[in-house]
Amino acid sequence: SEYEGNYGGKENQCADNKRVGYRMIRGGAWNNFPRGVRAAYRGSHLRDSRLNDVGFRVAR
């Protein structure tokens, strides 16, 4: 898409006060349920969670 410097739309506040302690995760894994395997998958977990299938991949 083309960048437009002036945006005429209404500003959206994305933070939801009820979910302050949560962080978004994106992407899928081979061990997810079918809809979670897609790279477009979005989910959330508590920000202090430790999960064995969430992280980042270093590629060259």
# chains A, B, ... in the order shown; residues from 1 in each chain; ligands from 1

call {"tool": "residues_around", "arguments": {"residues": "segment 44-52 of chain A", "least_positions_apart": "4", "cutoff": "8 Å", "atoms": "only C-alpha atoms", "output": "list in words"}}
result
Gly21, Tyr22, Arg23, Met24 and Ile25 of chain A

call {"tool": "write_last_selection", "arguments": {"atoms": "C-alpha atoms", "output": "CSV table (one decimal), in the first residue's frame"}}
result
chain,number,residue,atom,x,y,z
A,21,GLY,CA,-1.0,-7.8,31.8
A,22,TYR,CA,-1.3,-9.6,28.4
A,23,ARG,CA,1.0,-9.6,25.4
A,24,MET,CA,0.2,-10.4,21.8
A,25,ILE,CA,1.9,-13.3,20.0

call {"tool": "atom_distance", "arguments": {"atom1": "atom CA of Gly43 of chain A", "atom2": "atom CA of Ala59 of chain A"}}
result
22.9 Å
